[in-house]
Amino acid sequence: MAKRISYVYWKHEFGGETETLATTAHSYGYTIGPHGEWEMVIAAEDKAVKKDETVVLKIEEIEVPPKSIAFPCPTMRHALGVAISVGAAVGKPARAEERRYFNQAVFLPVCDGVVHKGELLSILNILYATLERRLARGAAEKWLRERYRY
């Protein structure tokens, strides 16, 4: 069933002006293929961090292929903290069917220190997926009954 939603995103940069996109959205199912990739999430800047204060870090650009789902590995890979989100909420949202580029990560420090350029922050899981539109309620059952009625 379609729902009217408001998608709020940063217009040009994190912490800057926000914009709202009012749209109609649908829930989708997906099938994940047997092949995926691990991409290293590497800091592209030096930045001082403080315990329990989330910070946006520039990262080396990661290209996320079309028709894929990307999410950071929840295992802590850096002594100072964990990347809780990789990607961008900057600019209009891109669909999973489109190629995307990630150049920022939200980092949650567990202690004070300095993250240095070139340090590994996380691993990005990229899984190839086929998006499936949900059938209207009862349509799948009707199709199965018709197909296997003999």
# chains A, B, ... in the order shown; residues from 1 in each chain; ligands from 1

$ select_by_dssp --residues "chain A" --states "strand (DSSP E)" --output "number ranges by chain"
A: 3-10, 18-25, 28-42, 47-49, 55-64, 68-72, 81-86, 100-109, 113-115, 120-133

$ closest_atom_pairs --of "region 54-83 of chain A" --to "region 37-43 of chain A" --cutoff "9 Å" --atoms "only C-alpha atoms" --output "JSON lines"
{"residue": "A:Leu57", "atom": "CA", "partner": "A:Ala43", "partner_atom": "CA", "distance": 6.8}
{"residue": "A:Lys58", "atom": "CA", "partner": "A:Ala43", "partner_atom": "CA", "distance": 6.1}
{"residue": "A:Ile59", "atom": "CA", "partner": "A:Ala43", "partner_atom": "CA", "distance": 4.5}
{"residue": "A:Glu60", "atom": "CA", "partner": "A:Ile42", "partner_atom": "CA", "distance": 5.7}
{"residue": "A:Glu61", "atom": "CA", "partner": "A:Val41", "partner_atom": "CA", "distance": 8.5}
{"residue": "A:Ile62", "atom": "CA", "partner": "A:Glu39", "partner_atom": "CA", "distance": 7.5}
{"residue": "A:Pro72", "atom": "CA", "partner": "A:Val41", "partner_atom": "CA", "distance": 8.6}
{"residue": "A:Ala83", "atom": "CA", "partner": "A:Val41", "partner_atom": "CA", "distance": 8.8}

$ select_by_dssp --residues "chain A" --states "alpha helix (DSSP H)" --output "VMD selection string"
chain A and resid 139 to 147

$ residues_around --residues "Arg4 (chain A)" --least-positions-apart "2" --cutoff "8 Å" --atoms "only C-alpha atoms" --output "PyMOL selection string"
chain A and resi 2+6+22-25

$ closest_residue --among "A:Val49, A:Ala44, A:Phe102, A:Val82" --to "Glu119 (chain A)" --atoms "only C-alpha atoms"
A:Ala44
